[in-house]
Amino acid sequence: QEANVSLEEAARVLGAGPILTARRIIFPLVSRHILVGAVLTFAYSMIEVSDSILLALEVRFYPVSKAIYTLMGRPDGVELASALGAVVMAIMFVSFYAAEWLSVRAERKRTVIGALLAVWLVYPSLAFAQPDEIVAVSPHWEGIKEEFERGFAVRYRAQTGREVKIRWFDIGGTSDIVKYLKTQHATRPGEIGIDVIFGGGTDVFIELSRAGVLQPARLSDSVVQKVPSSISGVPLYGPHKDWYIAALSIFGIVVNKIGLDRLGLPTPTSWSDLGKPVYHDAIGIADPSKSGSMHAMCEVILQGFGWVDGWKLLARIAANARTISNHASQVGKDVASGEMVVGIAIDTYAGDVIRQVGPERVQFIAPKDYAAITGDGIALISGAPHADAARAFIEFVLSEDGQKLWYYKRGTPGGPVRFEIGKLPILPTLYDTGTPATVVPGNPFTFTNVKPFDAALAAQRWTLVNDLYGTSI
């Protein structure tokens, strides 16, 4: 309005026709097109890919393309991601229609501006009703995330009367998560913007604790007192109580029984069997620099056979490899599909594919020459922005209700609702209850043939093993 008044004054003084033309035609068009342009900019930015990728690198941003990518990792993610894409396209259509509607008559701007003002005034009350939030990083598959988020939401609502939402920040595998957290902590200590790391071996958490990435969770005594101090030499929580083991895993060999039979290959029963030439081009492994479980399995072999002989065996196994995946979970899927007939996997990944294709096709074998138990941890990140809710989540995971989600079959009382997990719990008392979903029979706290796993040694040479493997194998 000030610009138009100034132009009118100038027109009176100068008698300039072109200036009046600018006032009456150009400026209304420009102001209207600025609003139209704002609507179109919003619509375009909803799905513009390159900007979304840049935004997705930061924890605090969650563009639509990142949501679609995250959904694709779920077992039912293809349908959900497609539905979200359809919703985004509908928003785009409405935005383009609104832009066209605005461009026809200038007075409609008042209606739009009034609506935007109303939204701006109402937004604080809407924001106040938003659920509490936790930002978490995890190498776990989507089924684990969904079951624990659902179970925790029920418990959190009962305890606080509030809703809670976990925002899963997807970085990659365990090794990628460790690199990211250490790098971010070195540059922005206490300001990473992440609350919880959920998943990863014991050596991972020892390394993160040593780097100062973690902080003591200060959990209630009623939860901590039920957690044993160790199993088979593996500590189940840190000396400073800044990390806890949430579940147990046994490393072993997953085989395609039909494929072995058709190829006339014997069933491997030990780690050393995997180095035999008969399995050339038949084995699937993962990259230990990207997969924490594969890194831990390398450590199992190095500690079981010694540094020199262990590296010889790792080299022979790699020479027999048909593929080297970025994710250890892919190995079990490839074995189940017959892409290869033998793979290195933890019991959980093996159990996933066995439940999908049946035990008559896929089998999990605990190696007889060196079996090892390792932990799958959880911890509170230093400077966690939602520390109280994050502590409540850690307590739930360690509680009996949380441990049942790992162990019980789907649909049993207290067990998972939608996705069967099949991990071993850390509470010894649970092994005499419920219907287990794990492929490992028995109580690991009573196993006598498991050799101790030195998690502190594994943490000390974490980077060394990854670099040696990467450069030599």
# chains A, B, ... in the order shown; residues from 1 in each chain; ligands from 1
$ residues_around --residues "Tyr279 in chain A" --least-positions-apart "5" --cutoff "8 Å" --atoms "only C-alpha atoms" --output "list in words"
Leu265, Leu274 and Asn320 of chain A
$ closest_atom_pairs --of "range 384-422 of chain A" --to "range 328-349 of chain A" --cutoff "12 Å" --atoms "only C-alpha atoms" --output "Markdown table"
| residue | atom | partner | partner_atom | distance |
| --- | --- | --- | --- | --- |
| A:Trp406 | CA | A:Thr348 | CA | 9.8 |
| A:Tyr407 | CA | A:Thr348 | CA | 10.5 |
| A:Glu420 | CA | A:Thr348 | CA | 10.0 |
| A:Ile421 | CA | A:Thr348 | CA | 7.0 |
| A:Gly422 | CA | A:Thr348 | CA | 6.0 |
$ closest_residue --among "A:Arg410, A:Leu263, A:Gly442, A:Phe96" --to "His280 in chain A" --atoms "only C-alpha atoms"
A:Leu263
$ residues_around --residues "range 134-137 of chain A" --least-positions-apart "6" --cutoff "6 Å" --atoms "only C-alpha atoms" --output "PDB file with N, CA, C and O atoms, in the first residue's frame"
ATOM      1  N   ILE A 166       8.559 -42.459  18.715  1.00  0.00           N
ATOM      2  CA  ILE A 166       9.988 -42.643  18.469  1.00  0.00           C
ATOM      3  C   ILE A 166      10.274 -42.314  17.016  1.00  0.00           C
ATOM      4  O   ILE A 166       9.670 -42.890  16.110  1.00  0.00           O
ATOM      5  N   ARG A 167      11.185 -41.388  16.785  1.00  0.00           N
ATOM      6  CA  ARG A 167      11.591 -41.039  15.429  1.00  0.00           C
ATOM      7  C   ARG A 167      12.905 -41.755  15.142  1.00  0.00           C
ATOM      8  O   ARG A 167      13.932 -41.449  15.743  1.00  0.00           O
ATOM      9  N   TRP A 168      12.864 -42.708  14.221  1.00  0.00           N
ATOM     10  CA  TRP A 168      14.033 -43.526  13.920  1.00  0.00           C
ATOM     11  C   TRP A 168      14.867 -42.823  12.859  1.00  0.00           C
ATOM     12  O   TRP A 168      14.410 -42.617  11.731  1.00  0.00           O
ATOM     13  N   PHE A 169      16.087 -42.463  13.210  1.00  0.00           N
ATOM     14  CA  PHE A 169      17.001 -41.795  12.286  1.00  0.00           C
ATOM     15  C   PHE A 169      17.833 -42.858  11.593  1.00  0.00           C
ATOM     16  O   PHE A 169      18.632 -43.545  12.230  1.00  0.00           O
ATOM     17  N   ILE A 194      20.472 -36.760  19.091  1.00  0.00           N
ATOM     18  CA  ILE A 194      19.957 -38.129  19.156  1.00  0.00           C
ATOM     19  C   ILE A 194      19.888 -38.538  20.625  1.00  0.00           C
ATOM     20  O   ILE A 194      20.763 -38.211  21.425  1.00  0.00           O
ATOM     21  N   ASP A 195      18.840 -39.277  20.984  1.00  0.00           N
ATOM     22  CA  ASP A 195      18.633 -39.684  22.377  1.00  0.00           C
ATOM     23  C   ASP A 195      19.176 -41.068  22.687  1.00  0.00           C
ATOM     24  O   ASP A 195      19.806 -41.274  23.725  1.00  0.00           O
ATOM     25  N   VAL A 196      18.926 -42.024  21.790  1.00  0.00           N
ATOM     26  CA  VAL A 196      19.184 -43.432  22.102  1.00  0.00           C
ATOM     27  C   VAL A 196      19.843 -44.119  20.921  1.00  0.00           C
ATOM     28  O   VAL A 196      19.499 -43.846  19.759  1.00  0.00           O
ATOM     29  N   ILE A 197      20.812 -44.991  21.212  1.00  0.00           N
ATOM     30  CA  ILE A 197      21.266 -45.976  20.229  1.00  0.00           C
ATOM     31  C   ILE A 197      20.741 -47.320  20.700  1.00  0.00           C
ATOM     32  O   ILE A 197      20.965 -47.741  21.841  1.00  0.00           O
TER      33      ILE A 197
END
$ closest_residue --among "A:Lys165, A:Ser289, A:Asp376, A:Tyr370" --to "Gly306 in chain A" --atoms "only C-alpha atoms"
A:Tyr370
$ closest_residue --among "A:Gly201, A:Gly252, A:Gly351, A:Gly259" --to "Thr438 in chain A" --atoms "only C-alpha atoms"
A:Gly351
$ residues_around --residues "Val223 in chain A" --least-positions-apart "3" --cutoff "9 Å" --atoms "only C-alpha atoms" --output "PyMOL selection string"
chain A and resi 219-220+226-227+395-396+398-400
$ write_last_selection --atoms "C-alpha atoms" --output "PDB file, in the first residue's frame"
ATOM      1  CA  LEU A 219      17.764 -46.246  35.646  1.00  0.00           C
ATOM      2  CA  SER A 220      15.593 -47.314  38.560  1.00  0.00           C
ATOM      3  CA  LYS A 226      17.296 -57.968  37.679  1.00  0.00           C
ATOM      4  CA  VAL A 227      20.008 -57.714  35.002  1.00  0.00           C
ATOM      5  CA  GLU A 395      13.840 -49.174  31.215  1.00  0.00           C
ATOM      6  CA  PHE A 396      11.022 -50.675  29.162  1.00  0.00           C
ATOM      7  CA  LEU A 398      15.203 -54.065  29.937  1.00  0.00           C
ATOM      8  CA  SER A 399      12.002 -54.829  31.822  1.00  0.00           C
ATOM      9  CA  GLU A 400      10.200 -58.151  31.745  1.00  0.00           C
TER      10      GLU A 400
END
$ atom_distance --atom1 "CA of Phe419 in chain A" --atom2 "CA of Glu146 in chain A"
8.2 Å
$ atom_distance --atom1 "CA of Arg322 in chain A" --atom2 "CA of Met294 in chain A"
15.7 Å
$ closest_residue --among "A:Gly264, A:Pro452, A:Gly304, A:Gly151" --to "Asp401 in chain A" --atoms "only C-alpha atoms"
A:Gly151
$ select_by_dssp --residues "range 159-355 of chain A" --states "strand (DSSP E)" --output "VMD selection string"
chain A and resid 164 to 168 196 to 198 214 to 215 230 to 231 234 to 235 243 to 256 283 to 286 321 to 325 342 to 346
$ closest_residue --among "A:Ile68, A:Val224, A:Ala366, A:Ala319" --to "Ser82 in chain A" --atoms "only C-alpha atoms"
A:Ile68
$ select_by_dssp --residues "range 202-329 of chain A" --states "helix (DSSP H, G or I)" --output "tab-separated table (two decimals) with N, CA, C and O atoms, in the first residue's frame"
chain	number	residue	atom	x	y	z
A	202	THR	N	28.40	-55.71	22.02
A	202	THR	CA	28.98	-55.19	23.25
A	202	THR	C	30.20	-54.33	22.98
A	202	THR	O	30.39	-53.28	23.60
A	203	ASP	N	31.05	-54.77	22.03
A	203	ASP	CA	32.25	-54.00	21.72
A	203	ASP	C	31.91	-52.62	21.17
A	203	ASP	O	32.65	-51.65	21.39
A	204	VAL	N	30.79	-52.50	20.50
A	204	VAL	CA	30.35	-51.20	19.98
A	204	VAL	C	30.12	-50.23	21.13
A	204	VAL	O	30.56	-49.07	21.09
A	205	PHE	N	29.45	-50.68	22.16
A	205	PHE	CA	29.10	-49.80	23.27
A	205	PHE	C	30.31	-49.49	24.14
A	205	PHE	O	30.41	-48.40	24.70
A	206	ILE	N	31.22	-50.43	24.25
A	206	ILE	CA	32.47	-50.13	24.96
A	206	ILE	C	33.24	-49.04	24.22
A	206	ILE	O	33.78	-48.11	24.83
A	207	GLU	N	33.29	-49.13	22.89
A	207	GLU	CA	33.98	-48.13	22.08
A	207	GLU	C	33.30	-46.76	22.18
A	207	GLU	O	33.97	-45.74	22.34
A	208	LEU	N	31.98	-46.72	22.12
A	208	LEU	CA	31.26	-45.45	22.22
A	208	LEU	C	31.41	-44.84	23.61
A	208	LEU	O	31.52	-43.61	23.75
A	209	SER	N	31.43	-45.68	24.63
A	209	SER	CA	31.64	-45.18	25.99
A	209	SER	C	33.03	-44.59	26.14
A	209	SER	O	33.21	-43.51	26.74
A	210	ARG	N	34.03	-45.26	25.57
A	210	ARG	CA	35.40	-44.77	25.63
A	210	ARG	C	35.54	-43.44	24.91
A	210	ARG	O	36.32	-42.58	25.32
A	221	ASP	N	16.39	-48.77	40.33
A	221	ASP	CA	17.01	-49.98	40.88
A	221	ASP	C	16.17	-51.23	40.60
A	221	ASP	O	16.72	-52.33	40.43
A	222	SER	N	14.86	-51.09	40.55
A	222	SER	CA	14.00	-52.25	40.32
A	222	SER	C	14.26	-52.89	38.96
A	222	SER	O	14.04	-54.10	38.79
A	223	VAL	N	14.77	-52.11	38.00
A	223	VAL	CA	15.10	-52.65	36.68
A	223	VAL	C	16.51	-53.18	36.65
A	223	VAL	O	16.77	-54.30	36.19
A	224	VAL	N	17.47	-52.42	37.16
A	224	VAL	CA	18.88	-52.77	37.06
A	224	VAL	C	19.20	-54.03	37.87
A	224	VAL	O	20.01	-54.87	37.44
A	257	LYS	N	19.27	-76.02	2.84
A	257	LYS	CA	19.38	-77.49	2.84
A	257	LYS	C	19.11	-78.08	1.45
A	257	LYS	O	19.80	-79.00	1.02
A	258	ILE	N	18.15	-77.50	0.74
A	258	ILE	CA	17.83	-78.00	-0.61
A	258	ILE	C	18.98	-77.71	-1.56
A	258	ILE	O	19.37	-78.55	-2.38
A	259	GLY	N	19.56	-76.51	-1.44
A	259	GLY	CA	20.67	-76.14	-2.31
A	259	GLY	C	21.90	-77.00	-2.08
A	259	GLY	O	22.56	-77.42	-3.04
A	260	LEU	N	22.21	-77.28	-0.81
A	260	LEU	CA	23.35	-78.15	-0.51
A	260	LEU	C	23.14	-79.53	-1.11
A	260	LEU	O	24.07	-80.14	-1.66
A	261	ASP	N	21.92	-80.03	-1.00
A	261	ASP	CA	21.63	-81.37	-1.52
A	261	ASP	C	21.77	-81.41	-3.05
A	261	ASP	O	22.35	-82.35	-3.60
A	262	ARG	N	21.26	-80.38	-3.73
A	262	ARG	CA	21.33	-80.37	-5.19
A	262	ARG	C	22.76	-80.23	-5.70
A	262	ARG	O	23.11	-80.77	-6.75
A	263	LEU	N	23.58	-79.49	-4.94
A	263	LEU	CA	24.97	-79.30	-5.35
A	263	LEU	C	25.88	-80.43	-4.85
A	263	LEU	O	27.07	-80.46	-5.18
A	272	SER	N	35.75	-73.57	10.59
A	272	SER	CA	36.83	-74.02	9.72
A	272	SER	C	36.31	-74.68	8.44
A	272	SER	O	36.97	-74.63	7.40
A	273	ASP	N	35.10	-75.26	8.50
A	273	ASP	CA	34.52	-75.86	7.29
A	273	ASP	C	34.33	-74.82	6.19
A	273	ASP	O	34.45	-75.13	5.00
A	274	LEU	N	34.01	-73.58	6.59
A	274	LEU	CA	33.70	-72.53	5.61
A	274	LEU	C	34.92	-72.14	4.78
A	274	LEU	O	34.78	-71.49	3.74
A	275	GLY	N	36.12	-72.50	5.23
A	275	GLY	CA	37.33	-72.19	4.48
A	275	GLY	C	37.73	-73.26	3.49
A	275	GLY	O	38.72	-73.10	2.77
A	277	PRO	N	37.82	-75.47	0.10
A	277	PRO	CA	37.59	-75.10	-1.31
A	277	PRO	C	36.28	-75.64	-1.88
A	277	PRO	O	35.77	-75.10	-2.87
A	278	VAL	N	35.69	-76.64	-1.26
A	278	VAL	CA	34.47	-77.22	-1.78
A	278	VAL	C	33.33	-76.21	-1.78
A	278	VAL	O	32.38	-76.32	-2.56
A	279	TYR	N	33.44	-75.18	-0.92
A	279	TYR	CA	32.38	-74.17	-0.82
A	279	TYR	C	32.69	-72.92	-1.65
A	279	TYR	O	32.10	-71.86	-1.42
A	292	GLY	N	27.78	-54.37	11.98
A	292	GLY	CA	28.31	-54.67	13.30
A	292	GLY	C	28.28	-56.14	13.63
A	292	GLY	O	29.19	-56.66	14.29
A	293	SER	N	27.25	-56.86	13.18
A	293	SER	CA	27.18	-58.29	13.48
A	293	SER	C	28.26	-59.05	12.73
A	293	SER	O	28.86	-60.00	13.27
A	294	MET	N	28.54	-58.66	11.49
A	294	MET	CA	29.63	-59.32	10.75
A	294	MET	C	30.98	-59.00	11.38
A	294	MET	O	31.86	-59.87	11.45
A	295	HIS	N	31.15	-57.77	11.85
A	295	HIS	CA	32.39	-57.43	12.53
A	295	HIS	C	32.57	-58.32	13.78
A	295	HIS	O	33.66	-58.82	14.04
A	296	ALA	N	31.48	-58.48	14.53
A	296	ALA	CA	31.56	-59.32	15.73
A	296	ALA	C	31.89	-60.76	15.37
A	296	ALA	O	32.63	-61.44	16.09
A	297	MET	N	31.37	-61.24	14.25
A	297	MET	CA	31.68	-62.62	13.84
A	297	MET	C	33.13	-62.76	13.43
A	297	MET	O	33.76	-63.80	13.65
A	298	CYS	N	33.69	-61.70	12.83
A	298	CYS	CA	35.14	-61.72	12.55
A	298	CYS	C	35.92	-61.82	13.86
A	298	CYS	O	36.91	-62.55	13.95
A	299	GLU	N	35.49	-61.09	14.86
A	299	GLU	CA	36.15	-61.14	16.17
A	299	GLU	C	36.02	-62.52	16.80
A	299	GLU	O	36.94	-63.00	17.45
A	300	VAL	N	34.85	-63.13	16.63
A	300	VAL	CA	34.66	-64.48	17.16
A	300	VAL	C	35.71	-65.43	16.58
A	300	VAL	O	36.34	-66.22	17.29
A	301	ILE	N	35.93	-65.34	15.28
A	301	ILE	CA	36.92	-66.21	14.62
A	301	ILE	C	38.33	-65.84	15.04
A	301	ILE	O	39.17	-66.72	15.31
A	302	LEU	N	38.64	-64.54	15.13
A	302	LEU	CA	39.98	-64.10	15.52
A	302	LEU	C	40.30	-64.52	16.95
A	302	LEU	O	41.44	-64.92	17.25
A	303	GLN	N	39.33	-64.42	17.84
A	303	GLN	CA	39.57	-64.81	19.22
A	303	GLN	C	39.56	-66.32	19.39
A	303	GLN	O	40.28	-66.86	20.23
A	304	GLY	N	38.78	-67.02	18.59
A	304	GLY	CA	38.71	-68.47	18.73
A	304	GLY	C	39.92	-69.18	18.15
A	304	GLY	O	40.40	-70.17	18.72
A	305	PHE	N	40.45	-68.67	17.02
A	305	PHE	CA	41.57	-69.33	16.34
A	305	PHE	C	42.90	-68.61	16.53
A	305	PHE	O	43.93	-69.12	16.09
A	307	TRP	N	45.09	-64.68	16.38
A	307	TRP	CA	45.21	-63.58	15.41
A	307	TRP	C	45.68	-64.06	14.03
A	307	TRP	O	45.08	-63.73	13.01
A	308	VAL	N	46.73	-64.86	13.99
A	308	VAL	CA	47.30	-65.28	12.70
A	308	VAL	C	46.39	-66.29	12.01
A	308	VAL	O	45.99	-66.12	10.85
A	309	ASP	N	46.07	-67.38	12.71
A	309	ASP	CA	45.23	-68.41	12.10
A	309	ASP	C	43.82	-67.88	11.82
A	309	ASP	O	43.16	-68.32	10.87
A	310	GLY	N	43.34	-66.96	12.65
A	310	GLY	CA	42.03	-66.37	12.43
A	310	GLY	C	41.97	-65.60	11.12
A	310	GLY	O	41.00	-65.71	10.36
A	311	TRP	N	43.03	-64.80	10.85
A	311	TRP	CA	43.05	-64.05	9.58
A	311	TRP	C	43.17	-64.99	8.38
A	311	TRP	O	42.60	-64.73	7.32
A	312	LYS	N	43.89	-66.07	8.54
A	312	LYS	CA	43.97	-67.05	7.45
A	312	LYS	C	42.60	-67.63	7.12
A	312	LYS	O	42.22	-67.77	5.95
A	313	LEU	N	41.84	-67.95	8.18
A	313	LEU	CA	40.51	-68.52	7.96
A	313	LEU	C	39.57	-67.47	7.36
A	313	LEU	O	38.79	-67.78	6.45
A	314	LEU	N	39.64	-66.22	7.85
A	314	LEU	CA	38.79	-65.17	7.28
A	314	LEU	C	39.09	-64.97	5.80
A	314	LEU	O	38.17	-64.74	4.99
A	315	ALA	N	40.36	-65.05	5.43
A	315	ALA	CA	40.73	-64.89	4.02
A	315	ALA	C	40.20	-66.05	3.17
A	315	ALA	O	39.72	-65.85	2.04
A	316	ARG	N	40.26	-67.27	3.71
A	316	ARG	CA	39.74	-68.42	2.95
A	316	ARG	C	38.23	-68.34	2.80
A	316	ARG	O	37.68	-68.69	1.75
A	317	ILE	N	37.54	-67.91	3.87
A	317	ILE	CA	36.08	-67.76	3.79
A	317	ILE	C	35.72	-66.70	2.74
A	317	ILE	O	34.81	-66.89	1.93
A	318	ALA	N	36.46	-65.59	2.76
A	318	ALA	CA	36.20	-64.53	1.78
A	318	ALA	C	36.48	-65.01	0.36
A	318	ALA	O	35.80	-64.62	-0.59
A	319	ALA	N	37.48	-65.88	0.20
A	319	ALA	CA	37.78	-66.43	-1.13
A	319	ALA	C	36.64	-67.31	-1.63
A	319	ALA	O	36.45	-67.46	-2.84
A	328	ALA	N	24.24	-57.44	7.09
A	328	ALA	CA	24.27	-58.86	7.44
A	328	ALA	C	22.91	-59.51	7.26
A	328	ALA	O	22.82	-60.71	7.00
A	329	SER	N	21.83	-58.75	7.41
A	329	SER	CA	20.50	-59.33	7.24
A	329	SER	C	20.27	-59.83	5.82
A	329	SER	O	19.46	-60.74	5.59
$ closest_residue --among "A:Val397, A:Ala459, A:Ala286, A:Leu464" --to "Arg150 in chain A" --atoms "only C-alpha atoms"
A:Val397
$ closest_atom_pairs --of "range 338-426 of chain A" --to "range 181-187 of chain A" --cutoff "12 Å" --atoms "only C-alpha atoms" --output "CSV"
residue,atom,partner,partner_atom,distance
A:Ile381,CA,A:Leu181,CA,9.0
A:Ser382,CA,A:His185,CA,8.6
A:Gly383,CA,A:His185,CA,9.8
A:Ala384,CA,A:His185,CA,11.8
